[in-house]
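**Student:** Dropping a structure here in structure tokens format, bear with me for questions.
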Amino acid sequence: MKKIFRIIFTLIIIYLTNNSFAFSQNEKIKIGLLAPLSGEYKELGQSIIKSTRMALSDIGTDNIEIYPMDTGIDPNQTLQSATKLKNEGIKIFIGPIFFKSLMYLDEIQDVIFLSLTNKTNDLPKNVISSGVNSLSQLNAIKDFLELSEVKKTIFLTPDLDYKNEIKKAIKQSKIKIFKQYTYETEPTKLTKQIEKITNYDVRKQNLADEILRVENSDLVDKEEQIKKLEKRYTIGNVNFDSVIISDFDENLKSVITSLIYTDVSPRNKLFITLNQWFDESLLLEESIQPLYYPSINKQNLETFNKKFLDTYNSKPNHLSLLSYDLLGLIYYLSLKSDFSDINNIFKKENSFKGKIGIFDVKNNKINHRLNFYKVDEGEIKKIF
């Protein structure tokens, strides 16, 4: 009798376990979407909503429900929206977008926010930065430098709010840097600093001294030599092989222009920068080429942009691709993990291949394995 009872009890346990698992697999995954749906950034918010809808369609599941809420750019409004959704049983969020919106989110317990920011310093414990952060970019740059067998690299960082983020990423990536410099963005101050970094005054004086030496010499071809020297700007090399410039847009172009002014050419030294999201204005600036940078997969981005345009008759913001992939990442983890333990869901080591590239998840951090490109001769060319 006892033996029969044990068999029946075991069968009941197996039945309940299997049905409990089936229930958890069919249970709806509720995802909060925190984005600016009003104010000056509402178009960005709408673009992110559309991308998540597109991701839902591509995943092809009925087990995900998206709950959008407006954050504006106000941290108080973000807190109110997140609190309301948490009270409705939502434990995982995509967003918010802006770093300033994260200010009060540590007041909400037992939830996870996958923020679209790329900043990783001073985050609340329940916020995971999912943007293309500095560490991901420097890891790719490190691989490129090793591939190119570069020995001496200098690092230029503007005196802006993200400079500490860059310094932290340099340390974490263990990238080999010969010297680091922080520069002023004001053009006159910038040029003076670049002149000092490149030892411009000495190299310019070297040229003047050489011209004078040839003029006072008895060389048969001194007139020809003087003409050649007068076409130059400096004599003497700089003490680096490559330069990493952690800047963007017109500021980036100003730094490169200052380097060229001091007779340091991208044809002779490697000019490397951070992710430029395939800024097409760089294609028109032939004087600053070749220019190298890490980035998400260009072909995947173009495919996504085309599909988004065909679906919604509008162009997406680049953050839309990130939100698209985050929905896929959440669904992927839901198939592998128990979402009731939300605080540990992103602590386990996992890798996920999205449109951006490969996400590496570990210890509540998300890093990206990036590709590497160069802008040269008016084209964007893939290195790896």
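The chains in the structure tokens are called A, B, ... from first to last as shown; in each chain the residues are counted from 1, and the ligands are counted from 1 in the order shown.
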Show me, as a ChimeraX atom specification, the residues that have an atom within 10 Å of Ser254 of chain A when counting only C-alpha atoms, minus same-chain residues fewer than 3 positions from it.

**Tutor:** /A:185-187,190-191,247-251,257-260

**Student:** Suppose we keep C-alpha atoms; can you now write the selection as a compact mmCIF listing (two decimals), in the first residue's frame?

**Tutor:**
```
# COMPACT_ATOMS: atom_id res chain seq x y z
CA THR A 185 36.80 72.35 -27.18
CA GLU A 186 37.15 76.10 -27.78
CA PRO A 187 38.92 76.29 -31.19
CA LEU A 190 42.27 73.42 -28.91
CA THR A 191 44.75 74.39 -31.62
CA ASP A 247 34.62 63.16 -30.00
CA PHE A 248 31.78 63.62 -32.47
CA ASP A 249 30.32 65.83 -35.19
CA GLU A 250 31.97 69.23 -35.73
CA ASN A 251 34.15 68.91 -32.62
CA THR A 257 41.74 69.72 -38.69
CA SER A 258 44.08 70.90 -35.92
CA LEU A 259 46.17 67.75 -36.28
CA ILE A 260 46.42 68.27 -40.03
```

**Student:** Using only C-alpha atoms, can you tell me which of A:Asp110, A:Asp161, A:Ile166, A:Gln276 comes closest to Asn344 of chain A?

**Tutor:**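 The answer is A:Asp110, which sits nearest to Asn344 of chain A.
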
**Student:** Fewer than 4 positions away in the same chain doesn't count, so skip those; otherwise give me all residues within 10 Å of Ser134 of chain A, counting only C-alpha atoms, as a PDB file with C-alpha atoms, in the first residue's frame.

**Tutor:**
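part_8.pdb, freshly written:
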```
ATOM      1  CA  ASN A 118      25.320  54.357 -23.131  1.00  0.00           C
ATOM      2  CA  LYS A 119      26.556  55.775 -19.825  1.00  0.00           C
ATOM      3  CA  THR A 120      27.613  53.243 -17.212  1.00  0.00           C
ATOM      4  CA  LEU A 138      37.377  50.414 -26.732  1.00  0.00           C
ATOM      5  CA  ASN A 139      37.375  46.611 -26.812  1.00  0.00           C
ATOM      6  CA  TYR A 162      31.773  61.905 -20.307  1.00  0.00           C
ATOM      7  CA  GLU A 165      33.390  57.415 -18.437  1.00  0.00           C
ATOM      8  CA  ILE A 166      36.186  57.209 -21.011  1.00  0.00           C
ATOM      9  CA  LYS A 167      38.919  56.949 -18.376  1.00  0.00           C
ATOM     10  CA  LYS A 168      37.075  54.088 -16.675  1.00  0.00           C
ATOM     11  CA  ALA A 169      36.639  52.238 -19.989  1.00  0.00           C
ATOM     12  CA  ILE A 170      40.339  52.640 -20.826  1.00  0.00           C
ATOM     13  CA  GLN A 172      38.625  48.175 -17.915  1.00  0.00           C
ATOM     14  CA  SER A 173      39.533  47.369 -21.519  1.00  0.00           C
ATOM     15  CA  SER A 246      36.756  60.475 -28.398  1.00  0.00           C
ATOM     16  CA  LEU A 274      34.342  56.330 -31.401  1.00  0.00           C
ATOM     17  CA  ASN A 275      31.081  55.063 -32.913  1.00  0.00           C
ATOM     18  CA  ASN A 367      28.310  44.923 -23.662  1.00  0.00           C
TER      19      ASN A 367
END
```

**Student:** Record the distance separating atom CA of Phe278 of chain A and atom CA of Lys298 of chain A, expressed in Å with one decimal.

**Tutor:** 7.8 Å

**Student:** So which residues touch segment 42-50 of chain A within 12 Å, counting only C-alpha atoms, skipping near sequence neighbours fewer than 2 positions away, as a VMD selection string?

**Tutor:** chain A and resid 32 to 40 52 to 57 66 to 73 94 to 98 116 305 307 to 309 311 to 327

**Student:** For Phe352 of chain A, please output as a list in words all residues within 9 Å (counting only C-alpha atoms; exclusion window: fewer than 3 positions along the same chain).

**Tutor:** Gly328, Leu329, Tyr332, Leu333, Gly357, Ile358, Phe359, Asp360 and Val361 of chain A

**Student:** What's around Asp376 of chain A at 10 Å? Count only C-alpha atoms, leave out sequence neighbours fewer than 6 positions away in its own chain, and write the answer as a PyMOL selection string.

**Tutor:** chain A and resi 282-283+285-292

**Student:** What does the file look like for those residues with all heavy atoms, as a PDB file, in the first residue's frame?

**Tutor:**
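Wrote it out as part.pdb, contents follow:
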```
ATOM      1  N   LEU A 282      30.890  62.607 -42.918  1.00  0.00           N
ATOM      2  CA  LEU A 282      32.312  62.247 -42.913  1.00  0.00           C
ATOM      3  C   LEU A 282      32.790  61.828 -44.299  1.00  0.00           C
ATOM      4  O   LEU A 282      33.972  61.954 -44.618  1.00  0.00           O
ATOM      5  CB  LEU A 282      32.562  61.112 -41.919  1.00  0.00           C
ATOM      6  CG  LEU A 282      32.278  61.410 -40.443  1.00  0.00           C
ATOM      7  CD1 LEU A 282      32.436  60.146 -39.608  1.00  0.00           C
ATOM      8  CD2 LEU A 282      33.202  62.504 -39.927  1.00  0.00           C
ATOM      9  N   LEU A 283      31.864  61.335 -45.121  1.00  0.00           N
ATOM     10  CA  LEU A 283      32.229  60.908 -46.469  1.00  0.00           C
ATOM     11  C   LEU A 283      32.672  62.083 -47.338  1.00  0.00           C
ATOM     12  O   LEU A 283      33.446  61.908 -48.284  1.00  0.00           O
ATOM     13  CB  LEU A 283      31.041  60.206 -47.132  1.00  0.00           C
ATOM     14  CG  LEU A 283      30.538  58.916 -46.464  1.00  0.00           C
ATOM     15  CD1 LEU A 283      29.268  58.427 -47.150  1.00  0.00           C
ATOM     16  CD2 LEU A 283      31.605  57.836 -46.511  1.00  0.00           C
ATOM     17  N   GLU A 285      34.317  64.748 -46.279  1.00  0.00           N
ATOM     18  CA  GLU A 285      35.539  65.379 -45.763  1.00  0.00           C
ATOM     19  C   GLU A 285      36.756  64.534 -46.138  1.00  0.00           C
ATOM     20  O   GLU A 285      37.308  63.806 -45.317  1.00  0.00           O
ATOM     21  CB  GLU A 285      35.438  65.546 -44.245  1.00  0.00           C
ATOM     22  CG  GLU A 285      34.228  66.318 -43.764  1.00  0.00           C
ATOM     23  CD  GLU A 285      34.386  67.816 -43.964  1.00  0.00           C
ATOM     24  OE1 GLU A 285      35.521  68.265 -44.256  1.00  0.00           O
ATOM     25  OE2 GLU A 285      33.387  68.535 -43.824  1.00  0.00           O
ATOM     26  N   GLU A 286      37.191  64.624 -47.374  1.00  0.00           N
ATOM     27  CA  GLU A 286      38.291  63.770 -47.842  1.00  0.00           C
ATOM     28  C   GLU A 286      39.604  64.067 -47.120  1.00  0.00           C
ATOM     29  O   GLU A 286      40.449  63.183 -46.990  1.00  0.00           O
ATOM     30  CB  GLU A 286      38.461  63.928 -49.349  1.00  0.00           C
ATOM     31  CG  GLU A 286      37.278  63.371 -50.150  1.00  0.00           C
ATOM     32  CD  GLU A 286      37.535  63.375 -51.645  1.00  0.00           C
ATOM     33  OE1 GLU A 286      38.690  63.632 -52.041  1.00  0.00           O
ATOM     34  OE2 GLU A 286      36.589  63.109 -52.407  1.00  0.00           O
ATOM     35  N   SER A 287      39.773  65.288 -46.647  1.00  0.00           N
ATOM     36  CA  SER A 287      41.033  65.654 -45.998  1.00  0.00           C
ATOM     37  C   SER A 287      41.232  64.935 -44.664  1.00  0.00           C
ATOM     38  O   SER A 287      42.362  64.806 -44.193  1.00  0.00           O
ATOM     39  CB  SER A 287      41.090  67.168 -45.763  1.00  0.00           C
ATOM     40  OG  SER A 287      40.046  67.575 -44.890  1.00  0.00           O
ATOM     41  N   ILE A 288      40.137  64.466 -44.036  1.00  0.00           N
ATOM     42  CA  ILE A 288      40.263  63.797 -42.742  1.00  0.00           C
ATOM     43  C   ILE A 288      40.258  62.271 -42.890  1.00  0.00           C
ATOM     44  O   ILE A 288      40.192  61.551 -41.901  1.00  0.00           O
ATOM     45  CB  ILE A 288      39.146  64.239 -41.776  1.00  0.00           C
ATOM     46  CG1 ILE A 288      37.782  63.698 -42.227  1.00  0.00           C
ATOM     47  CG2 ILE A 288      39.111  65.745 -41.631  1.00  0.00           C
ATOM     48  CD1 ILE A 288      36.668  63.961 -41.235  1.00  0.00           C
ATOM     49  N   GLN A 289      40.328  61.791 -44.096  1.00  0.00           N
ATOM     50  CA  GLN A 289      40.303  60.352 -44.366  1.00  0.00           C
ATOM     51  C   GLN A 289      41.717  59.825 -44.637  1.00  0.00           C
ATOM     52  O   GLN A 289      42.551  60.568 -45.151  1.00  0.00           O
ATOM     53  CB  GLN A 289      39.396  60.067 -45.574  1.00  0.00           C
ATOM     54  CG  GLN A 289      37.965  60.515 -45.379  1.00  0.00           C
ATOM     55  CD  GLN A 289      37.134  60.381 -46.652  1.00  0.00           C
ATOM     56  OE1 GLN A 289      37.488  59.683 -47.600  1.00  0.00           O
ATOM     57  NE2 GLN A 289      36.010  61.092 -46.696  1.00  0.00           N
ATOM     58  N   PRO A 290      41.953  58.548 -44.283  1.00  0.00           N
ATOM     59  CA  PRO A 290      41.037  57.561 -43.709  1.00  0.00           C
ATOM     60  C   PRO A 290      40.793  57.799 -42.225  1.00  0.00           C
ATOM     61  O   PRO A 290      41.678  58.233 -41.488  1.00  0.00           O
ATOM     62  CB  PRO A 290      41.751  56.238 -43.951  1.00  0.00           C
ATOM     63  CG  PRO A 290      43.199  56.591 -43.992  1.00  0.00           C
ATOM     64  CD  PRO A 290      43.270  57.951 -44.595  1.00  0.00           C
ATOM     65  N   LEU A 291      39.583  57.486 -41.803  1.00  0.00           N
ATOM     66  CA  LEU A 291      39.179  57.628 -40.408  1.00  0.00           C
ATOM     67  C   LEU A 291      38.553  56.303 -39.977  1.00  0.00           C
ATOM     68  O   LEU A 291      37.677  55.776 -40.663  1.00  0.00           O
ATOM     69  CB  LEU A 291      38.162  58.768 -40.267  1.00  0.00           C
ATOM     70  CG  LEU A 291      37.624  59.041 -38.869  1.00  0.00           C
ATOM     71  CD1 LEU A 291      38.747  59.487 -37.931  1.00  0.00           C
ATOM     72  CD2 LEU A 291      36.525  60.105 -38.914  1.00  0.00           C
ATOM     73  N   TYR A 292      38.996  55.778 -38.848  1.00  0.00           N
ATOM     74  CA  TYR A 292      38.578  54.448 -38.387  1.00  0.00           C
ATOM     75  C   TYR A 292      37.683  54.562 -37.156  1.00  0.00           C
ATOM     76  O   TYR A 292      37.900  55.428 -36.304  1.00  0.00           O
ATOM     77  CB  TYR A 292      39.808  53.609 -38.031  1.00  0.00           C
ATOM     78  CG  TYR A 292      40.759  53.369 -39.185  1.00  0.00           C
ATOM     79  CD1 TYR A 292      41.716  54.314 -39.530  1.00  0.00           C
ATOM     80  CD2 TYR A 292      40.714  52.188 -39.916  1.00  0.00           C
ATOM     81  CE1 TYR A 292      42.599  54.099 -40.585  1.00  0.00           C
ATOM     82  CE2 TYR A 292      41.599  51.955 -40.966  1.00  0.00           C
ATOM     83  CZ  TYR A 292      42.527  52.917 -41.289  1.00  0.00           C
ATOM     84  OH  TYR A 292      43.396  52.696 -42.336  1.00  0.00           O
TER      85      TYR A 292
END
```

**Student:** Mind giving me the straight-line distance from atom CA of Leu114 of chain A to atom CA of Ser130 of chain A in Å, one decimal?

**Tutor:** 6.0 Å

**Student:** What are the DSSP helix (DSSP H, G or I) residues of segment 82-120 of chain A, as number ranges by chain?

**Tutor:** A: 82-87, 99-102, 105-107

**Student:** Tell me, as a compact mmCIF listing (two decimals) with N, CA and C atoms, in the first residue's frame, which residues lie within 12 Å of Lys179 of chain A, counting only C-alpha atoms; anything in the same chain fewer than 2 positions away does not count.

**Tutor:**
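Result file follows (around.txt):
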```
# COMPACT_ATOMS: atom_id res chain seq x y z
N LYS A 151 52.22 50.45 -32.06
CA LYS A 151 53.00 50.43 -30.83
C LYS A 151 52.68 51.60 -29.89
N LYS A 152 52.49 52.79 -30.46
CA LYS A 152 52.29 53.97 -29.63
C LYS A 152 50.99 54.69 -30.03
N THR A 153 50.05 54.70 -29.10
CA THR A 153 48.75 55.33 -29.35
C THR A 153 48.51 56.41 -28.31
N ILE A 154 48.13 57.60 -28.74
CA ILE A 154 47.72 58.63 -27.80
C ILE A 154 46.20 58.72 -27.81
N PHE A 155 45.64 59.18 -26.71
CA PHE A 155 44.19 59.23 -26.54
C PHE A 155 43.79 60.66 -26.21
N LEU A 156 42.92 61.24 -27.03
CA LEU A 156 42.46 62.61 -26.84
C LEU A 156 40.99 62.60 -26.42
N THR A 157 40.70 63.22 -25.29
CA THR A 157 39.33 63.28 -24.76
C THR A 157 38.96 64.73 -24.47
N ILE A 170 38.94 52.89 -20.47
CA ILE A 170 40.34 52.64 -20.83
C ILE A 170 40.95 51.64 -19.84
N ILE A 175 43.37 48.52 -22.78
CA ILE A 175 43.94 48.94 -24.04
C ILE A 175 45.27 49.66 -23.76
N LYS A 176 46.25 49.42 -24.60
CA LYS A 176 47.57 50.02 -24.39
C LYS A 176 47.61 51.44 -24.95
N ILE A 177 47.74 52.40 -24.05
CA ILE A 177 47.78 53.81 -24.44
C ILE A 177 49.13 54.39 -24.03
N TYR A 181 45.44 62.65 -23.12
CA TYR A 181 45.32 64.11 -23.04
C TYR A 181 43.84 64.50 -22.96
N THR A 182 43.56 65.52 -22.15
CA THR A 182 42.23 66.12 -22.12
C THR A 182 42.34 67.50 -22.75
N ILE A 197 50.96 69.03 -28.18
CA ILE A 197 50.96 67.57 -28.21
C ILE A 197 51.82 67.04 -29.35
N ASN A 239 55.82 61.54 -31.79
CA ASN A 239 56.17 60.31 -31.06
C ASN A 239 54.96 59.41 -30.83
N PHE A 240 54.09 59.28 -31.84
CA PHE A 240 52.99 58.33 -31.76
C PHE A 240 52.66 57.80 -33.15
N ASP A 241 52.06 56.62 -33.18
CA ASP A 241 51.69 55.97 -34.45
C ASP A 241 50.21 56.14 -34.76
N SER A 242 49.40 56.29 -33.72
CA SER A 242 47.96 56.43 -33.92
C SER A 242 47.38 57.33 -32.84
N VAL A 243 46.22 57.90 -33.14
CA VAL A 243 45.55 58.78 -32.20
C VAL A 243 44.08 58.40 -32.13
N ILE A 244 43.57 58.23 -30.91
CA ILE A 244 42.15 57.97 -30.70
C ILE A 244 41.50 59.28 -30.23
```

**Student:** Mind the document's chain letters and residue numbers, and return as an mmCIF file with N, CA and C atoms, in the first residue's frame the residues of segment 157-279 of chain A that DSSP labels strand (DSSP E).

**Tutor:**
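Now in result-v1.cif:
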```cif
data_model
loop_
_atom_site.group_PDB
_atom_site.id
_atom_site.type_symbol
_atom_site.label_atom_id
_atom_site.label_comp_id
_atom_site.auth_asym_id
_atom_site.auth_seq_id
_atom_site.Cartn_x
_atom_site.Cartn_y
_atom_site.Cartn_z
ATOM 1 N N THR A 157 40.698 63.223 -25.285
ATOM 2 C CA THR A 157 39.332 63.278 -24.764
ATOM 3 C C THR A 157 38.963 64.730 -24.474
ATOM 4 N N PRO A 158 37.800 65.183 -24.936
ATOM 5 C CA PRO A 158 37.385 66.570 -24.642
ATOM 6 C C PRO A 158 37.056 66.732 -23.167
ATOM 7 N N LYS A 179 49.997 57.813 -24.207
ATOM 8 C CA LYS A 179 49.713 59.009 -23.410
ATOM 9 C C LYS A 179 48.251 59.411 -23.578
ATOM 10 N N GLN A 180 47.682 59.982 -22.505
ATOM 11 C CA GLN A 180 46.312 60.480 -22.546
ATOM 12 C C GLN A 180 46.318 61.995 -22.374
ATOM 13 N N TYR A 181 45.439 62.652 -23.125
ATOM 14 C CA TYR A 181 45.318 64.107 -23.041
ATOM 15 C C TYR A 181 43.838 64.501 -22.961
ATOM 16 N N THR A 182 43.558 65.515 -22.151
ATOM 17 C CA THR A 182 42.229 66.122 -22.124
ATOM 18 C C THR A 182 42.342 67.504 -22.748
ATOM 19 N N TYR A 183 41.457 67.805 -23.689
ATOM 20 C CA TYR A 183 41.580 69.071 -24.419
ATOM 21 C C TYR A 183 40.337 69.938 -24.282
ATOM 22 N N SER A 242 49.395 56.288 -33.716
ATOM 23 C CA SER A 242 47.956 56.430 -33.917
ATOM 24 C C SER A 242 47.380 57.335 -32.840
ATOM 25 N N VAL A 243 46.219 57.898 -33.144
ATOM 26 C CA VAL A 243 45.551 58.782 -32.202
ATOM 27 C C VAL A 243 44.079 58.402 -32.130
ATOM 28 N N ILE A 244 43.569 58.234 -30.915
ATOM 29 C CA ILE A 244 42.145 57.974 -30.697
ATOM 30 C C ILE A 244 41.504 59.275 -30.231
ATOM 31 N N ILE A 245 40.482 59.699 -30.936
ATOM 32 C CA ILE A 245 39.800 60.952 -30.617
ATOM 33 C C ILE A 245 38.377 60.622 -30.179
ATOM 34 N N LEU A 270 47.404 56.642 -37.934
ATOM 35 C CA LEU A 270 46.038 56.136 -37.857
ATOM 36 C C LEU A 270 45.177 57.081 -37.019
ATOM 37 N N PHE A 271 44.113 57.583 -37.610
ATOM 38 C CA PHE A 271 43.153 58.419 -36.901
ATOM 39 C C PHE A 271 41.934 57.546 -36.568
ATOM 40 N N ILE A 272 41.670 57.376 -35.282
ATOM 41 C CA ILE A 272 40.599 56.489 -34.815
ATOM 42 C C ILE A 272 39.650 57.294 -33.936
ATOM 43 N N THR A 273 38.375 57.024 -34.043
ATOM 44 C CA THR A 273 37.407 57.704 -33.191
ATOM 45 C C THR A 273 36.378 56.701 -32.675
#
```

**Student:** Hey, which of A:Phe372, A:Leu160, A:Leu145, A:Asp201 ends up closest to Asn297 of chain A? Count only C-alpha atoms.

**Tutor:**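 Ranked by minimum distance to Asn297 of chain A, first place goes to A:Phe372.
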
**Student:** From the list A:Leu301, A:Val202, A:Leu370, A:Val150, which residue is nearest Phe178 of chain A when using only C-alpha atoms?

**Tutor:** A:Val150

**Student:** Between A:Ser136, A:Thr198, A:Asn268, A:Ser340, which has the minimum distance to Glu27 of chain A (counting only C-alpha atoms)?

**Tutor:**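 Using only C-alpha atoms, the shortest distance to Glu27 of chain A belongs to A:Ser340.
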
**Student:** Determine the nearest neighbour of Ser101 of chain A from the options A:Asp218, A:Gln77, A:Asp122, A:Asp279, counting only C-alpha atoms.

**Tutor:**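 Looking only at the distances to Ser101 of chain A, the closest residue turns out to be A:Gln77.
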